[in-house]
>>> print(open('entry-v5.txt').read())   # compact mmCIF, C-alpha atoms and all ligand atoms
# COMPACT_ATOMS: atom_id res chain seq x y z
CA MET X 7 -74.13 -75.59 28.51
CA ARG X 8 -72.09 -73.75 31.13
CA TYR X 9 -71.76 -69.98 31.41
CA THR X 10 -69.04 -67.66 32.54
CA THR X 11 -68.68 -63.91 32.85
CA LEU X 12 -66.78 -62.08 30.13
CA GLY X 13 -63.63 -60.54 31.55
CA LYS X 14 -64.22 -58.21 34.47
CA SER X 15 -67.81 -57.56 33.38
CA GLY X 16 -70.95 -59.18 34.76
CA LEU X 17 -72.03 -60.28 31.27
CA ALA X 18 -72.78 -64.03 31.26
CA VAL X 19 -71.77 -65.84 28.07
CA SER X 20 -72.02 -69.49 27.06
CA GLU X 21 -68.83 -71.55 27.11
CA LEU X 22 -69.01 -71.83 23.31
CA CYS X 23 -69.46 -68.84 21.04
CA LEU X 24 -70.93 -69.45 17.57
CA GLY X 25 -68.93 -67.93 14.68
CA THR X 26 -70.82 -66.75 11.61
CA MET X 27 -68.10 -65.93 9.09
CA THR X 28 -69.45 -68.42 6.52
CA PHE X 29 -73.11 -67.39 6.83
CA GLY X 30 -74.49 -66.28 3.47
CA ARG X 31 -71.74 -67.82 1.37
CA ALA X 32 -70.47 -71.32 2.29
CA THR X 33 -73.44 -71.72 4.67
CA PRO X 34 -76.79 -70.93 3.02
CA GLU X 35 -79.14 -68.60 4.90
CA ASP X 36 -81.71 -71.28 5.85
CA GLU X 37 -79.07 -73.55 7.29
CA ALA X 38 -77.42 -70.66 9.17
CA ILE X 39 -80.73 -69.62 10.75
CA HIS X 40 -81.49 -73.21 11.67
CA MET X 41 -78.00 -73.50 13.26
CA MET X 42 -78.50 -70.36 15.36
CA ASP X 43 -81.93 -71.63 16.50
CA ARG X 44 -80.32 -74.92 17.51
CA PHE X 45 -77.48 -73.14 19.29
CA LEU X 46 -79.91 -71.03 21.33
CA ALA X 47 -82.03 -74.11 22.09
CA ASP X 48 -78.86 -75.91 23.23
CA GLY X 49 -78.25 -73.10 25.74
CA GLY X 50 -75.75 -71.07 23.69
CA ASN X 51 -76.18 -67.30 23.90
CA PHE X 52 -72.96 -65.89 22.45
CA ILE X 53 -72.80 -65.13 18.69
CA ASP X 54 -69.89 -63.46 16.89
CA THR X 55 -70.09 -61.68 13.54
CA ALA X 56 -68.41 -58.72 11.78
CA ASP X 57 -69.46 -55.98 9.39
CA VAL X 58 -67.23 -57.42 6.65
CA TYR X 59 -68.32 -61.06 6.81
CA VAL X 60 -69.77 -61.85 3.39
CA ASP X 61 -70.05 -58.10 2.74
CA GLY X 62 -72.53 -57.56 5.56
CA THR X 63 -74.70 -60.60 4.72
CA SER X 64 -73.58 -62.46 7.85
CA GLU X 65 -74.85 -59.59 10.05
CA GLU X 66 -78.13 -59.54 8.09
CA ILE X 67 -78.68 -63.27 8.61
CA VAL X 68 -77.80 -63.04 12.30
CA GLY X 69 -80.27 -60.14 12.59
CA LYS X 70 -83.07 -62.22 11.07
CA ALA X 71 -82.33 -65.23 13.28
CA ILE X 72 -82.30 -63.37 16.59
CA LYS X 73 -84.95 -60.73 15.94
CA GLU X 74 -87.61 -62.35 18.11
CA LYS X 75 -85.10 -63.44 20.79
CA ARG X 76 -82.83 -60.43 20.96
CA ASP X 77 -82.72 -60.32 24.77
CA GLN X 78 -81.48 -63.95 24.96
CA VAL X 79 -78.42 -63.19 22.85
CA VAL X 80 -75.02 -61.68 23.59
CA LEU X 81 -74.33 -60.24 20.18
CA ALA X 82 -70.73 -59.47 19.22
CA THR X 83 -69.66 -57.73 16.03
CA LYS X 84 -66.57 -55.89 14.76
CA ALA X 85 -65.39 -53.02 12.62
CA ARG X 86 -62.16 -51.94 10.95
CA MET X 87 -61.88 -53.59 7.50
CA ARG X 88 -62.86 -51.80 4.30
CA THR X 89 -66.64 -51.71 3.80
CA GLY X 90 -66.86 -49.32 0.83
CA GLU X 91 -64.87 -47.44 -1.79
CA GLY X 92 -64.55 -44.20 0.19
CA VAL X 93 -61.34 -43.09 1.83
CA ASN X 94 -63.08 -43.19 5.23
CA ASP X 95 -64.76 -46.56 4.74
CA VAL X 96 -61.94 -48.30 6.61
CA GLY X 97 -60.14 -47.96 9.94
CA TYR X 98 -61.22 -46.43 13.24
CA SER X 99 -61.78 -42.72 12.69
CA ARG X 100 -64.67 -41.31 14.70
CA LYS X 101 -66.52 -40.96 11.40
CA ARG X 102 -65.97 -44.59 10.39
CA LEU X 103 -66.90 -46.04 13.79
CA MET X 104 -70.01 -43.86 14.29
CA ASP X 105 -71.26 -44.66 10.76
CA GLY X 106 -70.13 -48.29 11.06
CA VAL X 107 -72.18 -48.89 14.21
CA ASP X 108 -75.30 -47.43 12.59
CA GLN X 109 -74.84 -49.61 9.51
CA SER X 110 -74.29 -52.74 11.64
CA LEU X 111 -77.38 -51.94 13.73
CA ARG X 112 -79.48 -51.64 10.58
CA ARG X 113 -78.24 -54.98 9.22
CA LEU X 114 -78.65 -56.65 12.62
CA GLN X 115 -82.18 -55.18 13.05
CA THR X 116 -81.48 -54.18 16.63
CA ASP X 117 -80.79 -50.97 18.52
CA TYR X 118 -77.77 -52.18 20.50
CA ILE X 119 -74.66 -54.33 20.14
CA ASP X 120 -73.55 -56.21 23.25
CA LEU X 121 -69.86 -56.41 22.38
CA TYR X 122 -68.34 -54.09 19.78
CA GLN X 123 -64.82 -55.17 18.85
CA LEU X 124 -61.95 -53.49 17.06
CA HIS X 125 -61.16 -56.11 14.38
CA VAL X 126 -57.41 -55.56 13.98
CA TRP X 127 -54.92 -52.93 15.10
CA ASP X 128 -54.88 -49.81 12.90
CA HIS X 129 -51.79 -47.63 12.98
CA LEU X 130 -53.46 -44.60 11.38
CA THR X 131 -56.00 -43.55 14.01
CA PRO X 132 -54.72 -42.37 17.40
CA LEU X 133 -55.90 -44.76 20.10
CA GLU X 134 -57.15 -41.77 22.10
CA GLU X 135 -59.64 -40.95 19.29
CA VAL X 136 -60.74 -44.58 18.97
CA LEU X 137 -61.34 -45.06 22.70
CA ARG X 138 -63.16 -41.75 23.10
CA THR X 139 -65.48 -42.76 20.25
CA LEU X 140 -66.09 -46.20 21.78
CA ASP X 141 -66.88 -44.54 25.11
CA ASP X 142 -69.38 -42.21 23.40
CA LEU X 143 -70.98 -45.20 21.67
CA VAL X 144 -71.45 -46.93 25.01
CA ARG X 145 -72.88 -43.75 26.58
CA SER X 146 -75.30 -43.42 23.63
CA GLY X 147 -76.63 -46.93 24.37
CA LYS X 148 -75.79 -48.28 20.90
CA VAL X 149 -72.98 -50.41 22.32
CA ARG X 150 -72.82 -52.10 25.75
CA TYR X 151 -69.24 -53.37 26.01
CA VAL X 152 -66.09 -53.05 23.92
CA GLY X 153 -63.27 -55.43 23.06
CA CYS X 154 -60.47 -55.88 20.58
CA SER X 155 -59.15 -58.54 18.23
CA ASN X 156 -55.76 -59.17 16.63
CA PHE X 157 -53.87 -56.66 18.80
CA LEU X 158 -50.40 -57.07 20.26
CA ALA X 159 -50.16 -57.24 24.05
CA TRP X 160 -48.63 -53.74 24.33
CA GLN X 161 -51.37 -52.27 22.14
CA ILE X 162 -54.06 -53.70 24.43
CA MET X 163 -52.21 -52.52 27.53
CA LYS X 164 -51.80 -49.03 26.06
CA GLY X 165 -55.54 -48.98 25.34
CA LEU X 166 -56.37 -50.08 28.90
CA SER X 167 -54.17 -47.42 30.39
CA ILE X 168 -55.67 -44.64 28.25
CA SER X 169 -59.18 -45.81 29.22
CA ASP X 170 -58.19 -45.83 32.85
CA ARG X 171 -56.63 -42.35 32.72
CA ARG X 172 -59.50 -40.79 30.78
CA HIS X 173 -62.31 -42.74 32.49
CA TYR X 174 -63.39 -44.32 29.22
CA VAL X 175 -64.97 -47.79 29.15
CA PRO X 176 -62.13 -50.34 28.94
CA PHE X 177 -61.79 -53.36 26.65
CA ILE X 178 -63.35 -56.32 28.45
CA SER X 179 -62.21 -58.98 25.97
CA VAL X 180 -59.66 -59.94 23.36
CA GLN X 181 -60.21 -62.12 20.28
CA PRO X 182 -57.01 -63.63 18.85
CA GLN X 183 -56.38 -66.74 16.77
CA TYR X 184 -55.62 -69.57 19.24
CA SER X 185 -55.72 -73.35 18.99
CA LEU X 186 -53.54 -76.43 19.48
CA VAL X 187 -51.82 -75.48 16.20
CA HIS X 188 -51.61 -71.73 16.98
CA ARG X 189 -50.26 -71.10 20.45
CA GLU X 190 -48.42 -67.85 19.75
CA MET X 191 -50.64 -66.13 22.32
CA ASP X 192 -48.95 -68.16 25.08
CA ARG X 193 -45.85 -66.00 24.66
CA GLU X 194 -47.31 -62.76 25.95
CA LEU X 195 -51.04 -62.29 25.59
CA LEU X 196 -52.16 -64.98 28.03
CA SER X 197 -50.24 -63.43 30.92
CA LEU X 198 -51.85 -60.07 30.08
CA VAL X 199 -55.27 -61.74 29.99
CA LYS X 200 -54.68 -63.15 33.48
CA GLU X 201 -53.16 -59.97 34.89
CA GLU X 202 -55.91 -57.67 33.57
CA GLU X 203 -58.75 -60.23 33.90
CA LEU X 204 -59.73 -59.92 30.25
CA GLY X 205 -62.20 -62.18 28.49
CA PHE X 206 -60.35 -64.41 26.00
CA ILE X 207 -62.42 -65.57 23.03
CA PRO X 208 -60.21 -67.40 20.52
CA TRP X 209 -61.06 -67.54 16.83
CA ALA X 210 -60.35 -70.62 14.67
CA PRO X 211 -60.22 -73.05 17.63
CA LEU X 212 -60.21 -75.91 15.10
CA GLY X 213 -57.37 -74.36 13.12
CA GLY X 214 -59.85 -73.59 10.32
CA GLY X 215 -60.83 -77.29 10.23
CA PHE X 216 -57.32 -78.78 10.38
CA LEU X 217 -57.93 -80.25 13.86
CA THR X 218 -61.01 -82.16 12.72
CA GLY X 219 -58.64 -84.72 11.21
CA LYS X 220 -60.18 -84.49 7.75
CA TYR X 221 -56.93 -83.54 6.04
CA ASN X 222 -54.25 -85.97 4.97
CA ALA X 223 -50.56 -85.20 5.43
CA ALA X 224 -49.58 -86.77 2.14
CA GLU X 225 -51.50 -84.54 -0.19
CA ARG X 226 -52.60 -80.96 -0.68
CA PRO X 227 -56.39 -80.98 -0.17
CA MET X 228 -58.83 -80.48 -3.05
CA GLU X 229 -61.72 -79.42 -0.80
CA GLY X 230 -62.37 -77.85 2.60
CA ARG X 231 -61.39 -74.42 3.92
CA LEU X 232 -57.66 -75.10 3.64
CA ALA X 233 -57.78 -76.12 -0.02
CA ASN X 234 -56.72 -72.77 -1.36
CA ASP X 235 -53.55 -70.87 -2.02
CA LYS X 236 -54.81 -67.39 -1.12
CA PRO X 237 -52.48 -65.59 1.27
CA GLY X 238 -53.54 -65.50 4.91
CA GLU X 239 -54.26 -67.89 7.74
CA TYR X 240 -56.46 -70.37 5.90
CA ASN X 241 -54.30 -72.27 3.43
CA TRP X 242 -52.22 -75.40 3.30
CA GLU X 243 -48.94 -73.55 3.83
CA ALA X 244 -50.24 -71.99 7.06
CA LYS X 245 -51.69 -75.16 8.56
CA GLY X 246 -50.43 -78.35 6.86
CA SER X 247 -46.93 -78.52 8.44
CA ALA X 248 -45.28 -81.71 9.71
CA ARG X 249 -45.38 -80.26 13.25
CA ASN X 250 -49.15 -79.69 13.01
CA PHE X 251 -49.65 -83.29 11.88
CA GLU X 252 -47.69 -84.44 14.96
CA ILE X 253 -50.08 -82.45 17.13
CA LEU X 254 -53.06 -83.86 15.24
CA ALA X 255 -51.80 -87.42 15.77
CA VAL X 256 -52.03 -86.95 19.56
CA VAL X 257 -55.48 -85.37 19.23
CA GLU X 258 -56.61 -88.37 17.16
CA GLU X 259 -55.05 -90.86 19.56
CA ILE X 260 -56.91 -89.34 22.53
CA ALA X 261 -60.14 -89.10 20.52
CA ALA X 262 -59.94 -92.84 19.74
CA GLU X 263 -59.25 -93.66 23.42
CA ILE X 264 -62.35 -91.86 24.70
CA GLY X 265 -64.77 -92.35 21.82
CA LYS X 266 -64.87 -88.66 20.83
CA THR X 267 -63.93 -87.01 17.55
CA PRO X 268 -60.72 -85.00 17.01
CA ALA X 269 -62.77 -81.79 16.69
CA GLN X 270 -64.40 -82.46 20.06
CA VAL X 271 -61.02 -83.12 21.70
CA ALA X 272 -59.48 -79.96 20.21
CA LEU X 273 -62.39 -77.84 21.47
CA ASN X 274 -62.45 -79.52 24.86
CA TRP X 275 -58.77 -78.66 25.34
CA GLN X 276 -59.78 -75.00 25.02
CA LEU X 277 -62.79 -75.38 27.33
CA ALA X 278 -60.51 -76.79 30.02
CA LYS X 279 -58.00 -73.95 29.89
CA PRO X 280 -58.73 -71.46 32.66
CA GLU X 281 -57.77 -68.42 30.57
CA VAL X 282 -60.24 -69.25 27.78
CA THR X 283 -63.69 -67.72 28.20
CA ALA X 284 -65.33 -69.18 25.07
CA PRO X 285 -63.81 -70.48 21.83
CA ILE X 286 -65.57 -69.09 18.74
CA VAL X 287 -66.30 -72.18 16.72
CA GLY X 288 -67.10 -72.08 13.03
CA CYS X 289 -69.55 -74.65 11.63
CA ARG X 290 -70.18 -74.55 7.89
CA THR X 291 -72.99 -77.14 8.07
CA LEU X 292 -75.52 -78.41 10.63
CA GLU X 293 -73.70 -81.72 10.60
CA GLN X 294 -70.50 -79.98 11.70
CA TYR X 295 -72.48 -78.09 14.33
CA ASP X 296 -73.85 -81.37 15.74
CA GLU X 297 -70.35 -82.77 16.01
CA ASN X 298 -68.81 -79.63 17.51
CA ILE X 299 -71.48 -79.11 20.16
CA GLY X 300 -70.47 -82.57 21.42
CA ALA X 301 -67.34 -80.92 22.81
CA ILE X 302 -69.26 -79.77 25.89
CA GLY X 303 -70.52 -81.67 28.94
CA TRP X 304 -67.35 -83.68 29.66
CA ARG X 305 -63.67 -83.05 30.42
CA LEU X 306 -60.37 -84.45 29.21
CA SER X 307 -58.37 -86.05 32.02
CA GLU X 308 -55.33 -84.28 33.45
CA GLU X 309 -53.11 -86.85 31.78
CA GLN X 310 -54.72 -86.22 28.37
CA MET X 311 -54.43 -82.44 28.85
CA GLU X 312 -50.77 -82.92 29.68
CA ARG X 313 -50.13 -84.94 26.50
CA LEU X 314 -51.79 -82.21 24.43
CA GLU X 315 -49.77 -79.53 26.23
CA GLN X 316 -46.54 -81.36 25.62
CA VAL X 317 -46.99 -81.90 21.92
CA SER X 318 -48.34 -78.42 21.16
CA ALA X 319 -46.47 -76.07 23.51
CA LEU X 320 -44.09 -73.67 21.75
CA PRO X 321 -40.44 -73.65 22.74
CA LYS X 322 -39.71 -71.02 25.38
CA GLU X 323 -38.21 -67.90 23.86
CA TYR X 324 -36.31 -64.97 25.30
CA PRO X 325 -37.30 -63.02 27.42
CA ASN X 326 -39.81 -65.53 28.81
CA ARG X 327 -37.17 -68.18 29.45
CA PHE X 328 -34.84 -65.61 31.07
CA ILE X 329 -37.58 -64.28 33.33
CA GLU X 330 -38.58 -67.83 34.34
CA ARG X 331 -34.99 -68.65 35.22
CA PHE X 332 -34.98 -65.88 37.79
CA TRP X 333 -38.43 -66.58 39.20
CA ARG X 334 -38.02 -66.90 42.95
CA PRO X 335 -40.27 -67.96 45.80
CA LEU X 336 -40.20 -65.64 48.79
CA ASN X 337 -39.81 -68.54 51.19
CA GLU X 338 -37.79 -71.63 50.34
CA GLU X 339 -39.70 -74.86 51.09
N1 LIG X 401 -61.29 -61.72 14.69
C1 LIG X 401 -60.85 -62.26 13.58
O1 LIG X 401 -59.96 -61.73 12.91
C2 LIG X 401 -61.45 -63.55 13.12
C3 LIG X 401 -60.86 -64.26 12.06
C4 LIG X 401 -61.43 -65.45 11.67
C5 LIG X 401 -62.58 -65.93 12.31
N2 LIG X 401 -63.16 -65.21 13.32
C6 LIG X 401 -64.38 -65.68 14.02
O2 LIG X 401 -64.15 -67.00 14.49
C7 LIG X 401 -65.13 -67.87 13.94
C8 LIG X 401 -64.52 -69.23 13.77
O3 LIG X 401 -63.38 -69.16 12.90
P1 LIG X 401 -63.07 -70.36 11.93
O4 LIG X 401 -64.26 -70.60 11.06
O5 LIG X 401 -61.77 -70.16 11.31
O6 LIG X 401 -63.01 -71.54 13.04
P2 LIG X 401 -62.69 -73.04 13.08
O7 LIG X 401 -63.76 -73.53 13.99
O8 LIG X 401 -61.28 -73.27 13.43
O9 LIG X 401 -62.92 -73.60 11.58
C9 LIG X 401 -64.22 -73.72 11.08
C10 LIG X 401 -64.18 -74.46 9.74
O10 LIG X 401 -63.65 -75.78 9.91
C11 LIG X 401 -64.45 -76.72 9.19
N3 LIG X 401 -65.12 -77.53 10.22
C12 LIG X 401 -65.68 -77.11 11.39
N4 LIG X 401 -66.19 -78.13 12.09
C13 LIG X 401 -65.96 -79.24 11.36
C14 LIG X 401 -66.24 -80.62 11.58
N5 LIG X 401 -66.85 -81.02 12.68
N6 LIG X 401 -65.84 -81.50 10.62
C15 LIG X 401 -65.18 -81.09 9.51
N7 LIG X 401 -64.89 -79.79 9.24
C16 LIG X 401 -65.28 -78.86 10.17
C17 LIG X 401 -65.44 -75.91 8.36
O11 LIG X 401 -64.80 -75.53 7.12
P3 LIG X 401 -64.88 -76.40 5.78
O12 LIG X 401 -66.01 -77.39 5.93
O13 LIG X 401 -65.09 -75.41 4.70
O14 LIG X 401 -63.56 -77.06 5.68
C18 LIG X 401 -65.60 -74.67 9.20
O15 LIG X 401 -66.06 -73.55 8.48
C19 LIG X 401 -65.61 -67.18 12.67
O16 LIG X 401 -66.88 -67.63 12.25
C20 LIG X 401 -65.61 -65.75 13.12
O17 LIG X 401 -66.79 -65.48 13.88
C21 LIG X 401 -62.60 -64.04 13.73
>>> encode(input="entry-v5.txt", output="structure tokens")
Amino acid sequence: MRYTTLGKSGLAVSELCLGTMTFGRATPEDEAIHMMDRFLADGGNFIDTADVYVDGTSEEIVGKAIKEKRDQVVLATKARMRTGEGVNDVGYSRKRLMDGVDQSLRRLQTDYIDLYQLHVWDHLTPLEEVLRTLDDLVRSGKVRYVGCSNFLAWQIMKGLSISDRRHYVPFISVQPQYSLVHREMDRELLSLVKEEELGFIPWAPLGGGFLTGKYNAAERPMEGRLANDKPGEYNWEAKGSARNFEILAVVEEIAAEIGKTPAQVALNWQLAKPEVTAPIVGCRTLEQYDENIGAIGWRLSEEQMERLEQVSALPKEYPNRFIERFWRPLNEE
């Protein structure tokens, strides 16, 4: 396992982060604990959860698994979604965040969170209030670093500039959806990540399982994460497009050439991208974990990376293509 620092901080995290969204529902508790033990034994130290995953059960299971090894783990969690019936049980008010951290700490059986992330942009709470609260949480010792997830580039930049002006702790990382079948972040966020030296920890690096190659283009699946018609990111309409199957075909071709699996190739593509700090991989079973951990310890060739880039890159849109047209070197060669 290799390590890298998260954004501009000195916090060392493993090149893979373990996602825990299924823990307590699709992944039974025993298997989840076993998986976390294996991950730590394999050198992983970065674990991502959220207060809403399985109504708090994911945090509880993570808490049990890491209790005796708390100092080995970089523990990331999030807040924002509704956690109760009350009018303030959602969003980022000072009340919600202060109470939310205490509830997460209880479930996680710890007295600090390494990375506390804003789960998705909220238009109701002024960013000034949110960032002041996060700063107070860091000063209190309950939180060590802060980050955000599912924000637009301008929202992150606005947050960074408020933190800078007010001397609040800044976001050190961003957590968007990003994979070979979801490259929307290439349009704007990646240049912000480079410019501001933010940690970039993509969720759903396997496209919710699509890039494992277990789905068939000809038919709507009967099982697996994508076999549902609930609105959102995880359904056949969101992932099973003809374009995505073209991307998958190249992933499968490369996997066959080098004796790896499509999931390993899709994850390795992320590991090789300089902007990516650590993809957050989801493993429902130990068997999936064993396959996915095989994504580390080797590298795709430049030629294979190029084939993956070509098939998955999004067409250039305005204003990116306009700006690129006028890019100019200072000295002509
Ligand atoms: N910030 C956010 O808004 C946000 C949103 C979503 C997730 N996340 C975080 O990101 C983590 C990962 O997200 P994700 O679960 O969508 O990631 P993913 O890694 O793209 O998909 C994981 C799912 O794919 C299937 N899968 C994984 N490995 C497989 C293998 N080797 N063979 C066959 N199927 C395999 C499993 O589902 P099935 O077996 O059921 O098909 C598994 O649950 C989450 O746990 C969470 O920590 C964050």
>>> closest_atom_pairs(input="entry-v5.txt", of="range 232-308 of chain X", to="range 45-49 of chain X", cutoff="12 Å", atoms="all atoms listed in the file", output="tab-separated table")
residue	atom	partner	partner_atom	distance
X:Val287	CA	X:Phe45	CA	11.5
X:Cys289	CA	X:Phe45	CA	11.1
X:Leu292	CA	X:Phe45	CA	10.3
X:Tyr295	CA	X:Phe45	CA	8.6
X:Asp296	CA	X:Phe45	CA	9.7
X:Asn298	CA	X:Phe45	CA	11.0
X:Ile299	CA	X:Phe45	CA	8.5
X:Gly300	CA	X:Asp48	CA	10.9
X:Ile302	CA	X:Asp48	CA	10.7
X:Gly303	CA	X:Asp48	CA	11.6
>>> atom_distance(input="entry-v5.txt", atom1="CA of Thr283 in chain X", atom2="CA of Thr11 in chain X")
7.8 Å
>>> residues_around(input="entry-v5.txt", residues="range 144-147 of chain X", least_positions_apart="6", cutoff="9 Å", atoms="all atoms listed in the file", output="PyMOL selection string")
chain X and resi 117-119+175
>>> residues_near_ligand(input="entry-v5.txt", ligand="ligand LIG 401 (chain X)", cutoff="8 Å", atoms="all atoms listed in the file", output="tab-separated table (two decimals) with C-alpha atoms, keeping the file's coordinate frame")
chain	number	residue	atom	x	y	z
X	24	LEU	CA	-70.93	-69.45	17.57
X	25	GLY	CA	-68.93	-67.93	14.68
X	26	THR	CA	-70.82	-66.75	11.61
X	27	MET	CA	-68.10	-65.93	9.09
X	28	THR	CA	-69.45	-68.42	6.52
X	32	ALA	CA	-70.47	-71.32	2.29
X	53	ILE	CA	-72.80	-65.13	18.69
X	54	ASP	CA	-69.89	-63.46	16.89
X	55	THR	CA	-70.09	-61.68	13.54
X	56	ALA	CA	-68.41	-58.72	11.78
X	84	LYS	CA	-66.57	-55.89	14.76
X	125	HIS	CA	-61.16	-56.11	14.38
X	126	VAL	CA	-57.41	-55.56	13.98
X	155	SER	CA	-59.15	-58.54	18.23
X	156	ASN	CA	-55.76	-59.17	16.63
X	181	GLN	CA	-60.21	-62.12	20.28
X	182	PRO	CA	-57.01	-63.63	18.85
X	183	GLN	CA	-56.38	-66.74	16.77
X	185	SER	CA	-55.72	-73.35	18.99
X	208	PRO	CA	-60.21	-67.40	20.52
X	209	TRP	CA	-61.06	-67.54	16.83
X	210	ALA	CA	-60.35	-70.62	14.67
X	211	PRO	CA	-60.22	-73.05	17.63
X	212	LEU	CA	-60.21	-75.91	15.10
X	213	GLY	CA	-57.37	-74.36	13.12
X	214	GLY	CA	-59.85	-73.59	10.32
X	215	GLY	CA	-60.83	-77.29	10.23
X	216	PHE	CA	-57.32	-78.78	10.38
X	217	LEU	CA	-57.93	-80.25	13.86
X	218	THR	CA	-61.01	-82.16	12.72
X	219	GLY	CA	-58.64	-84.72	11.21
X	220	LYS	CA	-60.18	-84.49	7.75
X	229	GLU	CA	-61.72	-79.42	-0.80
X	230	GLY	CA	-62.37	-77.85	2.60
X	231	ARG	CA	-61.39	-74.42	3.92
X	232	LEU	CA	-57.66	-75.10	3.64
X	240	TYR	CA	-56.46	-70.37	5.90
X	269	ALA	CA	-62.77	-81.79	16.69
X	270	GLN	CA	-64.40	-82.46	20.06
X	286	ILE	CA	-65.57	-69.09	18.74
X	287	VAL	CA	-66.30	-72.18	16.72
X	288	GLY	CA	-67.10	-72.08	13.03
X	289	CYS	CA	-69.55	-74.65	11.63
X	290	ARG	CA	-70.18	-74.55	7.89
X	291	THR	CA	-72.99	-77.14	8.07
X	293	GLU	CA	-73.70	-81.72	10.60
X	294	GLN	CA	-70.50	-79.98	11.70
X	295	TYR	CA	-72.48	-78.09	14.33
X	296	ASP	CA	-73.85	-81.37	15.74
X	297	GLU	CA	-70.35	-82.77	16.01
X	298	ASN	CA	-68.81	-79.63	17.51
>>> closest_residue(input="entry-v5.txt", among="X:Arg313, X:Lys14, X:Lys245, X:Arg88", to="Asp57 in chain X", atoms="all atoms listed in the file")
X:Arg88
>>> closest_residue(input="entry-v5.txt", among="X:Lys200, X:Arg31, X:Arg189, X:Arg327", to="Tyr59 in chain X", atoms="all atoms listed in the file")
X:Arg31
>>> atom_distance(input="entry-v5.txt", atom1="CA of Gly13 in chain X", atom2="CA of Glu203 in chain X")
5.4 Å
>>> residues_around(input="entry-v5.txt", residues="range 141-143 of chain X", least_positions_apart="4", cutoff="9 Å", atoms="only C-alpha atoms", output="NGL selection string")
:X and (103-104 or 107 or 136-137 or 147-150 or 152 or 169 or 173-176)
>>> atom_distance(input="entry-v5.txt", atom1="CA of Pro227 in chain X", atom2="CA of Asn250 in chain X")
15.1 Å
>>> residues_around(input="entry-v5.txt", residues="range 251-253 of chain X", least_positions_apart="4", cutoff="7 Å", atoms="only C-alpha atoms", output="ChimeraX atom specification")
/X:223,247,257,317-318
>>> residues_around(input="entry-v5.txt", residues="Glu66 in chain X", least_positions_apart="3", cutoff="6 Å", atoms="only C-alpha atoms", output="PyMOL selection string")
chain X and resi 63+69+113-114
>>> write_last_selection(input="entry-v5.txt", atoms="C-alpha atoms", output="PDB file, in the frame of the given file")
ATOM      1  CA  THR X  63     -74.700 -60.600   4.720  1.00  0.00           C
ATOM      2  CA  GLY X  69     -80.270 -60.140  12.590  1.00  0.00           C
ATOM      3  CA  ARG X 113     -78.240 -54.980   9.220  1.00  0.00           C
ATOM      4  CA  LEU X 114     -78.650 -56.650  12.620  1.00  0.00           C
TER       5      LEU X 114
END
>>> closest_residue(input="entry-v5.txt", among="X:Glu135, X:Asp61, X:Asp36, X:Glu243", to="Lys101 in chain X", atoms="all atoms listed in the file")
X:Glu135
>>> residues_near_point(input="entry-v5.txt", point="(-57.0, -87.0, 28.9)", cutoff="10 Å", atoms="only C-alpha atoms", output="PyMOL selection string")
chain X and resi 257+260-261+263-264+271+275+305-314
>>> closest_residue(input="entry-v5.txt", among="X:Leu195, X:Leu130, X:Ile67, X:Leu140", to="Asn94 in chain X", atoms="all atoms listed in the file")
X:Leu130
>>> closest_residue(input="entry-v5.txt", among="X:Leu81, X:Val187, X:Leu22, X:Ala272", to="Glu65 in chain X", atoms="only C-alpha atoms")
X:Leu81
